[in-house]
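For reference, protein-v9.cif is printed below; it contains mmCIF, C-alpha atoms (C1' of nucleotides).
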data_my_file
loop_
_atom_site.label_atom_id
_atom_site.label_comp_id
_atom_site.auth_asym_id
_atom_site.auth_seq_id
_atom_site.Cartn_x
_atom_site.Cartn_y
_atom_site.Cartn_z
CA MET A 1 63.59 94.95 40.44
CA ASN A 2 59.92 94.97 41.26
CA GLN A 3 59.00 94.36 44.84
CA ALA A 4 56.03 92.11 44.26
CA ARG A 5 57.09 89.63 46.88
CA PRO A 6 56.71 90.49 50.58
CA ALA A 7 60.40 91.08 50.70
CA PRO A 8 62.08 88.02 52.13
CA VAL A 9 63.70 89.82 55.01
CA SER A 10 67.05 91.09 53.88
CA ALA A 11 69.79 88.51 54.21
CA SER A 12 71.77 91.09 56.11
CA LYS A 13 69.13 91.38 58.81
CA ALA A 14 68.72 87.62 59.06
CA ARG A 15 72.46 87.20 59.53
CA LEU A 16 72.62 89.94 62.10
CA ARG A 17 69.85 88.28 64.05
CA LEU A 18 71.66 84.97 63.84
CA TRP A 19 74.81 86.56 65.17
CA LEU A 20 72.99 88.09 68.13
CA ARG A 21 71.47 84.76 69.00
CA LEU A 22 74.75 82.98 68.62
CA LEU A 23 76.29 85.45 70.99
CA LYS A 24 73.49 85.19 73.49
CA ALA A 25 73.49 81.40 73.52
CA THR A 26 77.24 81.22 73.92
CA ARG A 27 77.39 83.82 76.64
CA THR A 28 74.59 82.23 78.60
CA ILE A 29 76.31 78.87 78.60
CA GLU A 30 79.71 80.37 79.23
CA ALA A 31 78.44 82.26 82.26
CA GLU A 32 76.94 79.11 83.67
CA LEU A 33 80.13 77.12 83.10
CA ARG A 34 82.28 79.80 84.66
CA GLU A 35 80.09 79.86 87.73
CA ARG A 36 80.16 76.08 88.10
CA LEU A 37 83.90 75.81 87.57
CA ARG A 38 84.42 78.39 90.26
CA ARG A 39 82.04 76.76 92.68
CA ASP A 40 82.89 73.11 92.18
CA HIS A 41 86.52 73.17 91.14
CA ALA A 42 87.85 76.51 92.29
CA SER A 43 88.98 77.15 88.75
CA THR A 44 88.22 79.37 85.78
CA LEU A 45 87.31 78.98 82.14
CA PRO A 46 90.67 80.15 80.74
CA ARG A 47 92.49 77.70 82.97
CA PHE A 48 90.17 74.95 81.89
CA ASP A 49 90.78 75.81 78.24
CA VAL A 50 94.53 75.72 78.66
CA MET A 51 94.41 72.42 80.48
CA ALA A 52 92.07 70.97 77.85
CA ALA A 53 94.47 71.91 75.09
CA LEU A 54 97.38 70.41 76.99
CA SER A 55 95.54 67.22 77.79
CA ARG A 56 95.14 66.57 74.08
CA ARG A 57 98.91 66.72 73.72
CA PRO A 58 100.54 64.75 76.50
CA GLU A 59 103.94 65.40 74.97
CA GLY A 60 103.47 69.10 75.50
CA LEU A 61 102.97 72.25 73.49
CA ARG A 62 104.98 75.37 72.89
CA MET A 63 103.66 78.62 74.20
CA SER A 64 102.97 79.95 70.73
CA ALA A 65 101.21 76.74 69.68
CA LEU A 66 99.11 77.02 72.80
CA SER A 67 98.07 80.58 72.11
CA GLY A 68 97.39 79.61 68.51
CA VAL A 69 95.10 76.73 69.44
CA LEU A 70 93.24 78.79 72.00
CA ARG A 71 93.11 81.85 69.76
CA VAL A 72 94.25 84.17 72.48
CA SER A 73 97.25 86.47 72.47
CA ASN A 74 100.50 84.89 73.54
CA GLY A 75 101.05 87.48 76.22
CA ASN A 76 97.90 86.18 77.77
CA VAL A 77 98.94 82.55 77.86
CA THR A 78 102.05 83.48 79.80
CA GLY A 79 100.04 84.65 82.77
CA ILE A 80 97.65 81.72 82.84
CA VAL A 81 100.42 79.15 82.52
CA GLU A 82 102.36 80.97 85.22
CA ARG A 83 99.55 80.46 87.70
CA LEU A 84 99.05 76.86 86.71
CA VAL A 85 102.75 76.23 87.19
CA ALA A 86 102.62 77.89 90.58
CA GLU A 87 99.92 75.41 91.57
CA GLY A 88 101.83 72.44 90.26
CA LEU A 89 99.28 71.53 87.59
CA VAL A 90 101.52 72.32 84.65
CA GLU A 91 105.24 72.24 84.02
CA ARG A 92 107.50 74.05 81.62
CA ARG A 93 110.78 72.89 80.28
CA ALA A 94 113.25 74.15 77.75
CA VAL A 95 113.05 72.71 74.26
CA GLU A 96 116.19 70.89 73.27
CA GLY A 97 117.78 72.53 70.27
CA ASP A 98 115.88 75.79 70.46
CA ARG A 99 116.59 77.93 73.44
CA ARG A 100 113.85 80.37 72.54
CA ALA A 101 111.05 77.89 72.98
CA MET A 102 109.33 76.45 76.02
CA LEU A 103 107.45 73.18 76.16
CA VAL A 104 104.42 73.24 78.41
CA ARG A 105 102.58 70.18 79.61
CA LEU A 106 100.36 68.87 82.35
CA THR A 107 101.92 67.35 85.43
CA PRO A 108 100.44 64.05 86.63
CA VAL A 109 98.55 66.02 89.25
CA GLY A 110 97.30 68.41 86.60
CA ALA A 111 96.25 65.59 84.30
CA ALA A 112 94.33 63.89 87.09
CA GLN A 113 92.59 67.08 88.09
CA PHE A 114 91.71 67.85 84.51
CA ALA A 115 90.28 64.38 83.90
CA GLU A 116 87.94 64.95 86.79
CA MET A 117 86.94 68.41 85.62
CA ALA A 118 86.44 67.24 82.06
CA ALA A 119 84.02 64.54 83.12
CA THR A 120 81.97 66.95 85.17
CA HIS A 121 82.15 69.46 82.36
CA GLU A 122 80.70 67.07 79.82
CA GLY A 123 77.83 66.41 82.18
CA TRP A 124 77.16 70.12 82.53
CA ILE A 125 77.05 70.61 78.79
CA ASP A 126 74.73 67.67 78.50
CA THR A 127 72.38 69.27 80.99
CA LEU A 128 72.63 72.76 79.56
CA LEU A 129 71.87 71.51 76.06
CA SER A 130 69.32 68.95 77.12
CA GLY A 131 66.72 70.86 75.12
CA LEU A 132 68.19 69.32 71.98
CA THR A 133 68.22 65.69 70.93
CA ALA A 134 71.43 64.11 69.71
CA GLU A 135 70.20 64.43 66.13
CA GLU A 136 69.37 68.09 66.50
CA ALA A 137 72.69 68.75 68.09
CA GLU A 138 74.48 67.08 65.23
CA ALA A 139 72.49 68.94 62.62
CA LEU A 140 73.33 72.20 64.33
CA SER A 141 76.97 71.25 64.58
CA ARG A 142 77.17 70.69 60.87
CA ARG A 143 75.63 74.05 60.08
CA LEU A 144 77.93 75.83 62.45
CA GLU A 145 80.92 74.34 60.71
CA ASP A 146 80.22 76.68 57.82
CA VAL A 147 79.81 79.63 60.10
CA ALA A 148 83.18 79.12 61.67
CA GLN A 149 84.76 78.71 58.26
CA SER A 150 83.24 81.77 56.71
CA GLY A 151 84.34 83.69 59.77
CA ALA A 152 87.85 82.32 59.58
CA LYS A 153 88.18 82.93 55.87
CA GLU A 154 89.06 86.54 56.54
CA THR A 155 91.68 85.72 59.07
CA GLU A 156 93.50 82.80 57.58
CA MET B 1 71.16 44.19 68.00
CA ASN B 2 73.21 44.34 64.88
CA GLN B 3 75.02 47.54 64.24
CA ALA B 4 73.89 48.18 60.71
CA ARG B 5 73.52 51.81 61.55
CA PRO B 6 76.57 53.91 62.37
CA ALA B 7 75.67 53.91 66.04
CA PRO B 8 74.03 57.21 66.92
CA VAL B 9 76.81 58.71 68.96
CA SER B 10 75.80 59.29 72.55
CA ALA B 11 73.72 62.41 72.98
CA SER B 12 76.23 63.65 75.49
CA LYS B 13 79.05 63.56 72.94
CA ALA B 14 76.92 65.17 70.26
CA ARG B 15 76.06 68.01 72.60
CA LEU B 16 79.63 68.47 73.66
CA ARG B 17 80.68 68.69 70.02
CA LEU B 18 77.96 71.21 69.39
CA TRP B 19 79.14 73.31 72.28
CA LEU B 20 82.71 73.30 71.06
CA ARG B 21 81.62 74.40 67.62
CA LEU B 22 79.37 77.06 69.02
CA LEU B 23 82.27 78.38 71.02
CA LYS B 24 84.66 78.29 68.09
CA ALA B 25 82.27 80.05 65.73
CA THR B 26 81.47 82.74 68.25
CA ARG B 27 85.06 83.36 69.20
CA THR B 28 86.21 83.52 65.61
CA ILE B 29 83.63 86.13 64.75
CA GLU B 30 84.15 88.02 67.98
CA ALA B 31 87.88 88.25 67.39
CA GLU B 32 87.33 89.57 63.90
CA LEU B 33 84.83 92.15 65.11
CA ARG B 34 87.09 93.32 67.89
CA GLU B 35 89.93 93.77 65.48
CA ARG B 36 87.82 95.73 63.03
CA LEU B 37 86.28 97.93 65.70
CA ARG B 38 89.72 98.77 66.93
CA ARG B 39 91.12 99.46 63.48
CA ASP B 40 88.24 101.34 61.92
CA HIS B 41 86.57 103.00 64.88
CA ALA B 42 89.18 103.05 67.63
CA SER B 43 86.71 101.29 69.88
CA THR B 44 86.10 97.95 71.56
CA LEU B 45 83.39 95.34 71.77
CA PRO B 46 82.31 96.13 75.34
CA ARG B 47 81.98 99.78 74.48
CA PHE B 48 80.00 98.93 71.38
CA ASP B 49 77.69 96.76 73.46
CA VAL B 50 77.07 99.51 75.98
CA MET B 51 76.38 102.05 73.27
CA ALA B 52 74.08 99.62 71.48
CA ALA B 53 72.06 99.13 74.64
CA LEU B 54 71.86 102.86 75.21
CA SER B 55 70.87 103.61 71.62
CA ARG B 56 67.82 101.45 72.06
CA ARG B 57 66.77 103.66 74.98
CA PRO B 58 67.22 107.30 74.07
CA GLU B 59 65.72 108.33 77.39
CA GLY B 60 68.52 106.59 79.24
CA LEU B 61 69.12 103.61 81.47
CA ARG B 62 70.15 103.15 85.04
CA MET B 63 73.47 101.55 85.74
CA SER B 64 71.87 98.44 87.15
CA ALA B 65 69.51 98.15 84.19
CA LEU B 66 72.48 98.48 81.90
CA SER B 67 74.44 95.74 83.59
CA GLY B 68 71.30 93.62 83.61
CA VAL B 69 70.71 93.98 79.88
CA LEU B 70 74.33 93.32 79.05
CA ARG B 71 74.63 90.48 81.54
CA VAL B 72 77.84 91.76 83.01
CA SER B 73 78.59 92.65 86.60
CA ASN B 74 77.63 96.16 87.63
CA GLY B 75 81.11 96.94 88.86
CA ASN B 76 82.20 96.36 85.31
CA VAL B 77 79.78 98.78 83.71
CA THR B 78 81.06 101.57 85.93
CA GLY B 79 84.46 101.49 84.29
CA ILE B 80 83.23 101.30 80.72
CA VAL B 81 80.74 104.11 81.19
CA GLU B 82 83.41 106.16 82.89
CA ARG B 83 85.59 106.03 79.79
CA LEU B 84 82.70 106.77 77.48
CA VAL B 85 81.81 109.79 79.58
CA ALA B 86 85.41 110.95 79.50
CA GLU B 87 85.21 110.91 75.71
CA GLY B 88 81.93 112.74 75.62
CA LEU B 89 79.99 109.90 74.04
CA VAL B 90 77.77 109.27 77.03
CA GLU B 91 76.40 111.37 79.85
CA ARG B 92 75.23 110.60 83.35
CA ARG B 93 72.76 112.52 85.38
CA ALA B 94 71.13 112.05 88.73
CA VAL B 95 67.67 110.53 88.76
CA GLU B 96 65.11 112.88 90.20
CA GLY B 97 63.56 111.40 93.29
CA ASP B 98 66.18 108.73 93.90
CA ARG B 99 69.58 109.96 94.83
CA ARG B 100 71.07 106.50 94.65
CA ALA B 101 70.44 106.07 90.96
CA MET B 102 72.19 107.39 87.89
CA LEU B 103 70.67 107.73 84.45
CA VAL B 104 73.07 107.04 81.61
CA ARG B 105 72.45 107.94 78.00
CA LEU B 106 74.16 108.72 74.73
CA THR B 107 75.11 112.28 73.96
CA PRO B 108 74.27 113.53 70.47
CA VAL B 109 77.89 112.92 69.54
CA GLY B 110 77.71 109.42 70.95
CA ALA B 111 74.48 108.67 69.13
CA ALA B 112 75.93 109.86 65.84
CA GLN B 113 79.09 107.85 66.30
CA PHE B 114 77.13 104.77 67.23
CA ALA B 115 74.85 105.06 64.20
CA GLU B 116 77.88 105.01 62.00
CA MET B 117 79.46 102.06 63.82
CA ALA B 118 76.21 100.11 63.78
CA ALA B 119 75.90 100.42 60.03
CA THR B 120 79.45 99.24 59.45
CA HIS B 121 78.93 96.49 61.99
CA GLU B 122 75.94 95.08 60.19
CA GLY B 123 77.98 94.97 57.02
CA TRP B 124 80.76 93.06 58.75
CA ILE B 125 78.36 90.46 60.09
CA ASP B 126 76.88 90.12 56.65
CA THR B 127 80.32 89.43 55.22
CA LEU B 128 81.41 87.12 58.00
CA LEU B 129 78.25 85.04 57.70
CA SER B 130 78.05 85.21 53.94
CA GLY B 131 78.46 81.44 53.85
CA LEU B 132 74.82 81.16 54.84
CA THR B 133 71.75 82.18 52.90
CA ALA B 134 69.06 84.23 54.57
CA GLU B 135 66.94 81.10 54.91
CA GLU B 136 69.73 79.10 56.50
CA ALA B 137 70.48 81.92 58.87
CA GLU B 138 66.88 82.07 59.95
CA ALA B 139 66.66 78.33 60.41
CA LEU B 140 69.75 78.42 62.57
CA SER B 141 68.43 81.34 64.56
CA ARG B 142 65.31 79.43 65.42
CA ARG B 143 67.25 76.42 66.60
CA LEU B 144 69.53 78.51 68.69
CA GLU B 145 66.59 80.01 70.45
CA ASP B 146 66.12 76.69 72.17
CA VAL B 147 69.78 76.49 73.05
CA ALA B 148 69.72 79.85 74.74
CA GLN B 149 66.59 78.90 76.61
CA SER B 150 67.83 75.56 77.81
CA GLY B 151 70.95 77.31 78.95
CA ALA B 152 68.99 80.00 80.72
CA LYS B 153 66.64 77.55 82.36
CA GLU B 154 69.22 76.87 85.02
CA THR B 155 69.80 80.51 85.70
CA GLU B 156 66.34 82.04 85.70
"C1'" DC C 1 61.95 109.74 114.50
"C1'" DT C 2 64.79 105.58 114.38
"C1'" DT C 3 66.15 101.28 113.05
"C1'" DC C 4 66.46 97.81 109.83
"C1'" DG C 5 66.37 95.46 105.52
"C1'" DA C 6 66.43 96.27 100.59
"C1'" DT C 7 68.30 98.72 96.63
"C1'" DA C 8 71.76 101.47 93.52
"C1'" DT C 9 76.15 102.29 92.75
"C1'" DT C 10 81.16 102.38 93.49
"C1'" DT C 11 85.34 100.52 95.23
"C1'" DT C 12 88.65 96.90 95.83
"C1'" DA C 13 91.22 92.78 94.89
"C1'" DT C 14 92.29 89.56 91.61
"C1'" DG C 15 92.47 87.61 87.13
"C1'" DT C 16 91.93 87.73 82.06
"C1'" DT C 17 92.65 89.95 77.73
"C1'" DT C 18 94.76 92.51 74.16
"C1'" DG C 19 98.31 94.88 71.27
"C1'" DA C 20 102.72 96.65 71.29
"C1'" DA C 21 107.33 96.91 72.79
"C1'" DA C 22 111.31 94.51 74.60
"C1'" DT C 23 114.44 90.51 74.97
"C1'" DG C 24 116.82 86.83 73.47
"C1'" DT C 25 117.72 83.33 70.03
"C1'" DA C 26 117.90 81.36 65.32
"C1'" DA C 27 118.81 81.43 60.50
"C1'" DT C 28 120.16 83.54 56.38
"C1'" DC C 29 122.64 86.57 53.43
"C1'" DG C 30 126.53 89.14 51.83
"C1'" DC D 1 132.36 86.58 60.24
"C1'" DG D 2 128.83 90.47 60.89
"C1'" DA D 3 124.35 92.34 59.75
"C1'" DT D 4 119.81 91.72 58.97
"C1'" DT D 5 115.57 89.39 59.31
"C1'" DA D 6 112.54 86.14 61.42
"C1'" DC D 7 110.86 83.82 65.40
"C1'" DA D 8 109.52 82.51 70.56
"C1'" DT D 9 108.54 84.35 74.51
"C1'" DT D 10 107.94 87.84 78.13
"C1'" DT D 11 106.94 92.34 79.77
"C1'" DC D 12 104.09 96.27 79.84
"C1'" DA D 13 100.09 99.41 79.96
"C1'" DA D 14 95.41 99.75 79.47
"C1'" DA D 15 90.92 97.77 79.26
"C1'" DC D 16 87.68 94.44 80.78
"C1'" DA D 17 85.64 90.98 83.98
"C1'" DT D 18 84.06 89.02 88.27
"C1'" DA D 19 82.82 88.63 93.22
"C1'" DA D 20 82.74 90.75 97.39
"C1'" DA D 21 82.93 94.67 100.43
"C1'" DA D 22 81.88 99.45 101.16
"C1'" DT D 23 78.88 103.58 100.70
"C1'" DA D 24 74.83 105.84 100.33
"C1'" DT D 25 69.98 106.10 99.96
"C1'" DC D 26 65.30 104.45 100.24
"C1'" DG D 27 61.12 102.62 102.40
"C1'" DA D 28 58.72 100.76 105.79
"C1'" DA D 29 57.88 99.06 110.49
"C1'" DG D 30 57.86 100.14 115.01
#
Kindly present the structure from the file in structure tokens form.
Amino acid sequence: MNQARPAPVSASKARLRLWLRLLKATRTIEAELRERLRRDHASTLPRFDVMAALSRRPEGLRMSALSGVLRVSNGNVTGIVERLVAEGLVERRAVEGDRRAMLVRLTPVGAAQFAEMAATHEGWIDTLLSGLTAEEAEALSRRLEDVAQSGAKETE
Amino acid sequence: MNQARPAPVSASKARLRLWLRLLKATRTIEAELRERLRRDHASTLPRFDVMAALSRRPEGLRMSALSGVLRVSNGNVTGIVERLVAEGLVERRAVEGDRRAMLVRLTPVGAAQFAEMAATHEGWIDTLLSGLTAEEAEALSRRLEDVAQSGAKETE
DNA sequence: CTTCGATATTTTATGTTTGAAATGTAATCG
DNA sequence: CGATTACATTTCAAACATAAAATATCGAAG
């Protein structure tokens, strides 16, 4: 155990620093997205997330599946979906054969509005991450895959 | 223009994918941290953040400085600090010479409790990111620096 | 001294978030 | 069949978050 080498900074510290940066980068972008969604589409990030999940499943999703995909509590999804329903962007119907479940999906109006938001959204991301080339972005993506996994390991 | 190469996916798509991964990784880790803070320290992430900021400034911080550092609205900080004060972890005192301002800082009890939480916290991060070596973590950190900056460019 | 614009903080209204408890339904076991 | 156990969702209370309005103070210009 001699300490001849200049001590390659402890892995623990390096990981902590990575985490802080990860958090900072994500929060910065999230704040910007939230602001733009509010300004340009009179919407919010949670609503966008719900609509994004639903748009990937035109046939609809159950409430619990929705909260699972979004990784938020199911009590939470109830409120967000409620407001979306109130605005006619989303509809809920009973599931045939299981009276406990509800199937949630976008209405045509909701799908149209989401398509528009999604296009703008992709443009925003492109701008916000314009500091990276496509190759850099892909390299980073690959590395982050491991991060997400090692984080999930504990949970799953 | 033959397509020998796998067609470098549009930069826009690559960046969008990166963003989604960034978000997923961050949220996964955040959820795990929140859960552990609650279980092991009967606390929350926002409270931890406030205490972390205060522990770096033993002399105290003004409310507005605090909300600035944490990048949350100042109305928000009021509530969190209020609860911390109620539990005796934080104290507020008037600023001499400016009756508008309040100086917030950790009490000895708060500082002790935070020191303990911070140590555990670092261990958690180390575990959650154990999929990466110190070198990988540092490489990623450096790349993310640019991400944060390009995101901030719009804001600052 | 007074007025006016800037600053520091809190309050208010609304929405998001969580974990836990409650409700209702399904499925299985004895 | 009746009791338990598991599941899908909602309700609830408390915390957190934002933007905007309100309150109070400061500093400087007239």
Can you show chain B as a CSV table (one decimal) with C-alpha atoms, in the coordinates of the input once it has been least-squares superposed onto chain A, using every C-alpha atom paired in order?
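Result went into superposed_4.csv, see below:
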chain,number,residue,atom,x,y,z
B,1,MET,CA,56.2,93.1,41.7
B,2,ASN,CA,53.4,92.5,44.1
B,3,GLN,CA,54.4,91.7,47.6
B,4,ALA,CA,52.5,88.5,48.2
B,5,ARG,CA,55.5,87.1,50.0
B,6,PRO,CA,56.6,88.6,53.3
B,7,ALA,CA,59.5,90.2,51.6
B,8,PRO,CA,62.7,88.2,52.3
B,9,VAL,CA,64.4,90.5,54.7
B,10,SER,CA,67.7,91.7,53.3
B,11,ALA,CA,70.5,89.2,53.7
B,12,SER,CA,72.4,91.7,55.6
B,13,LYS,CA,69.8,92.0,58.3
B,14,ALA,CA,69.3,88.3,58.5
B,15,ARG,CA,73.0,87.8,59.0
B,16,LEU,CA,73.2,90.5,61.6
B,17,ARG,CA,70.3,88.8,63.5
B,18,LEU,CA,72.1,85.5,63.3
B,19,TRP,CA,75.3,87.1,64.7
B,20,LEU,CA,73.4,88.6,67.6
B,21,ARG,CA,71.8,85.3,68.4
B,22,LEU,CA,75.1,83.4,68.1
B,23,LEU,CA,76.7,85.9,70.5
B,24,LYS,CA,73.8,85.7,73.0
B,25,ALA,CA,73.8,81.9,73.0
B,26,THR,CA,77.5,81.6,73.4
B,27,ARG,CA,77.7,84.2,76.1
B,28,THR,CA,74.8,82.7,78.0
B,29,ILE,CA,76.4,79.3,78.0
B,30,GLU,CA,79.9,80.7,78.7
B,31,ALA,CA,78.6,82.6,81.8
B,32,GLU,CA,77.0,79.5,83.1
B,33,LEU,CA,80.1,77.4,82.6
B,34,ARG,CA,82.3,80.0,84.2
B,35,GLU,CA,80.1,80.1,87.2
B,36,ARG,CA,80.0,76.3,87.6
B,37,LEU,CA,83.7,75.9,87.1
B,38,ARG,CA,84.3,78.5,89.8
B,39,ARG,CA,81.8,76.9,92.2
B,40,ASP,CA,82.5,73.3,91.7
B,41,HIS,CA,86.2,73.2,90.8
B,42,ALA,CA,87.6,76.5,92.0
B,43,SER,CA,88.8,77.2,88.4
B,44,THR,CA,88.2,79.4,85.4
B,45,LEU,CA,87.4,79.0,81.8
B,46,PRO,CA,90.8,80.2,80.5
B,47,ARG,CA,92.5,77.7,82.8
B,48,PHE,CA,90.2,74.9,81.7
B,49,ASP,CA,91.0,75.8,78.0
B,50,VAL,CA,94.7,75.6,78.6
B,51,MET,CA,94.4,72.3,80.5
B,52,ALA,CA,92.2,70.9,77.8
B,53,ALA,CA,94.8,71.8,75.1
B,54,LEU,CA,97.5,70.3,77.2
B,55,SER,CA,95.6,67.1,77.9
B,56,ARG,CA,95.4,66.4,74.2
B,57,ARG,CA,99.2,66.5,74.0
B,58,PRO,CA,100.6,64.5,76.9
B,59,GLU,CA,104.1,65.1,75.5
B,60,GLY,CA,103.7,68.8,76.0
B,61,LEU,CA,103.4,72.0,73.9
B,62,ARG,CA,105.5,75.0,73.4
B,63,MET,CA,104.2,78.3,74.7
B,64,SER,CA,103.7,79.6,71.2
B,65,ALA,CA,101.9,76.5,70.1
B,66,LEU,CA,99.7,76.8,73.0
B,67,SER,CA,98.7,80.4,72.3
B,68,GLY,CA,98.2,79.4,68.7
B,69,VAL,CA,95.8,76.6,69.5
B,70,LEU,CA,93.9,78.7,71.9
B,71,ARG,CA,93.9,81.7,69.7
B,72,VAL,CA,95.0,84.1,72.4
B,73,SER,CA,98.0,86.3,72.6
B,74,ASN,CA,101.2,84.7,73.8
B,75,GLY,CA,101.7,87.3,76.5
B,76,ASN,CA,98.4,86.1,77.9
B,77,VAL,CA,99.3,82.4,78.1
B,78,THR,CA,102.4,83.3,80.1
B,79,GLY,CA,100.2,84.5,83.0
B,80,ILE,CA,97.8,81.6,83.0
B,81,VAL,CA,100.5,79.0,82.8
B,82,GLU,CA,102.3,80.7,85.6
B,83,ARG,CA,99.4,80.3,87.9
B,84,LEU,CA,98.9,76.7,86.9
B,85,VAL,CA,102.5,76.0,87.6
B,86,ALA,CA,102.3,77.7,91.0
B,87,GLU,CA,99.5,75.2,91.8
B,88,GLY,CA,101.4,72.2,90.6
B,89,LEU,CA,98.9,71.4,87.8
B,90,VAL,CA,101.3,72.1,85.0
B,91,GLU,CA,105.1,71.9,84.6
B,92,ARG,CA,107.5,73.7,82.3
B,93,ARG,CA,110.8,72.5,81.1
B,94,ALA,CA,113.5,73.7,78.7
B,95,VAL,CA,113.4,72.2,75.3
B,96,GLU,CA,116.6,70.4,74.5
B,97,GLY,CA,118.4,72.0,71.6
B,98,ASP,CA,116.5,75.3,71.7
B,99,ARG,CA,117.1,77.4,74.6
B,100,ARG,CA,114.5,79.9,73.6
B,101,ALA,CA,111.6,77.4,73.9
B,102,MET,CA,109.7,76.1,76.8
B,103,LEU,CA,107.7,72.8,76.9
B,104,VAL,CA,104.6,73.0,78.9
B,105,ARG,CA,102.6,69.9,80.0
B,106,LEU,CA,100.2,68.7,82.7
B,107,THR,CA,101.6,67.1,85.8
B,108,PRO,CA,100.0,63.8,86.9
B,109,VAL,CA,98.0,65.9,89.4
B,110,GLY,CA,96.9,68.3,86.7
B,111,ALA,CA,95.9,65.5,84.4
B,112,ALA,CA,93.8,63.8,87.1
B,113,GLN,CA,92.1,67.1,88.0
B,114,PHE,CA,91.4,67.8,84.4
B,115,ALA,CA,89.9,64.4,83.7
B,116,GLU,CA,87.5,65.0,86.5
B,117,MET,CA,86.6,68.5,85.3
B,118,ALA,CA,86.2,67.3,81.7
B,119,ALA,CA,83.7,64.7,82.7
B,120,THR,CA,81.6,67.2,84.7
B,121,HIS,CA,82.0,69.7,81.9
B,122,GLU,CA,80.5,67.4,79.3
B,123,GLY,CA,77.6,66.8,81.6
B,124,TRP,CA,77.0,70.5,81.9
B,125,ILE,CA,77.0,71.0,78.2
B,126,ASP,CA,74.6,68.1,77.8
B,127,THR,CA,72.2,69.8,80.3
B,128,LEU,CA,72.6,73.3,78.9
B,129,LEU,CA,71.9,72.1,75.4
B,130,SER,CA,69.2,69.6,76.3
B,131,GLY,CA,66.7,71.5,74.3
B,132,LEU,CA,68.2,70.0,71.2
B,133,THR,CA,68.2,66.3,70.1
B,134,ALA,CA,71.4,64.7,69.0
B,135,GLU,CA,70.3,65.0,65.4
B,136,GLU,CA,69.5,68.7,65.7
B,137,ALA,CA,72.8,69.3,67.4
B,138,GLU,CA,74.6,67.6,64.6
B,139,ALA,CA,72.7,69.5,62.0
B,140,LEU,CA,73.6,72.8,63.7
B,141,SER,CA,77.2,71.7,64.0
B,142,ARG,CA,77.5,71.2,60.3
B,143,ARG,CA,76.0,74.6,59.5
B,144,LEU,CA,78.3,76.3,61.9
B,145,GLU,CA,81.3,74.8,60.2
B,146,ASP,CA,80.6,77.1,57.3
B,147,VAL,CA,80.2,80.1,59.6
B,148,ALA,CA,83.5,79.5,61.3
B,149,GLN,CA,85.2,79.1,57.9
B,150,SER,CA,83.7,82.2,56.3
B,151,GLY,CA,84.8,84.0,59.4
B,152,ALA,CA,88.3,82.6,59.2
B,153,LYS,CA,88.6,83.3,55.5
B,154,GLU,CA,89.5,86.9,56.2
B,155,THR,CA,92.1,85.9,58.8
B,156,GLU,CA,93.9,83.0,57.2
Please list as a PyMOL selection string every residue within 12 Å of Gly75 in chain A, counting only C-alpha atoms (C1' of nucleotides) and excluding residues in the same chain fewer than 4 positions away. (chain A and resi 63-64+66-68+71+79-82) or (chain C and resi 16-21) or (chain D and resi 8-12)
Nearby residues (all atoms listed in the file) at most 10 Å from range 101-113 of chain A, same-chain spacing under 6 positions excluded, as a JSON list (two decimals) with C-alpha atoms (C1' of nucleotides), keeping the file's coordinate frame:
[["chain", "number", "residue", "atom", "x", "y", "z"],
["A", 41, "HIS", "CA", 86.52, 73.17, 91.14],
["A", 50, "VAL", "CA", 94.53, 75.72, 78.66],
["A", 51, "MET", "CA", 94.41, 72.42, 80.48],
["A", 52, "ALA", "CA", 92.07, 70.97, 77.85],
["A", 53, "ALA", "CA", 94.47, 71.91, 75.09],
["A", 54, "LEU", "CA", 97.38, 70.41, 76.99],
["A", 55, "SER", "CA", 95.54, 67.22, 77.79],
["A", 56, "ARG", "CA", 95.14, 66.57, 74.08],
["A", 57, "ARG", "CA", 98.91, 66.72, 73.72],
["A", 58, "PRO", "CA", 100.54, 64.75, 76.50],
["A", 59, "GLU", "CA", 103.94, 65.40, 74.97],
["A", 60, "GLY", "CA", 103.47, 69.10, 75.50],
["A", 61, "LEU", "CA", 102.97, 72.25, 73.49],
["A", 62, "ARG", "CA", 104.98, 75.37, 72.89],
["A", 63, "MET", "CA", 103.66, 78.62, 74.20],
["A", 64, "SER", "CA", 102.97, 79.95, 70.73],
["A", 65, "ALA", "CA", 101.21, 76.74, 69.68],
["A", 66, "LEU", "CA", 99.11, 77.02, 72.80],
["A", 81, "VAL", "CA", 100.42, 79.15, 82.52],
["A", 84, "LEU", "CA", 99.05, 76.86, 86.71],
["A", 85, "VAL", "CA", 102.75, 76.23, 87.19],
["A", 87, "GLU", "CA", 99.92, 75.41, 91.57],
["A", 88, "GLY", "CA", 101.83, 72.44, 90.26],
["A", 89, "LEU", "CA", 99.28, 71.53, 87.59],
["A", 90, "VAL", "CA", 101.52, 72.32, 84.65],
["A", 91, "GLU", "CA", 105.24, 72.24, 84.02],
["A", 92, "ARG", "CA", 107.50, 74.05, 81.62],
["A", 93, "ARG", "CA", 110.78, 72.89, 80.28],
["A", 94, "ALA", "CA", 113.25, 74.15, 77.75],
["A", 95, "VAL", "CA", 113.05, 72.71, 74.26],
["C", 25, "DT", "C1'", 117.72, 83.33, 70.03],
["D", 7, "DC", "C1'", 110.86, 83.82, 65.40],
["D", 8, "DA", "C1'", 109.52, 82.51, 70.56],
["D", 9, "DT", "C1'", 108.54, 84.35, 74.51]]
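Residues matched by the PyMOL selection byres ((chain A) within 9 of (chain C)) in this file: Pro46, Val72, Ser73, Gly75, Asn76, Gly79, Ile80, Asp98, Arg99 and Arg100 of chain A.
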Under the PyMOL selection byres ((chain B) within 7 of (chain A)), which residues of this model are included? Write them out as a PyMOL selection string. chain B and resi 11-12+14-16+18+21-26+28-29+122+125-126+128-131+133-134+137-138+140-141+144-148+150-152
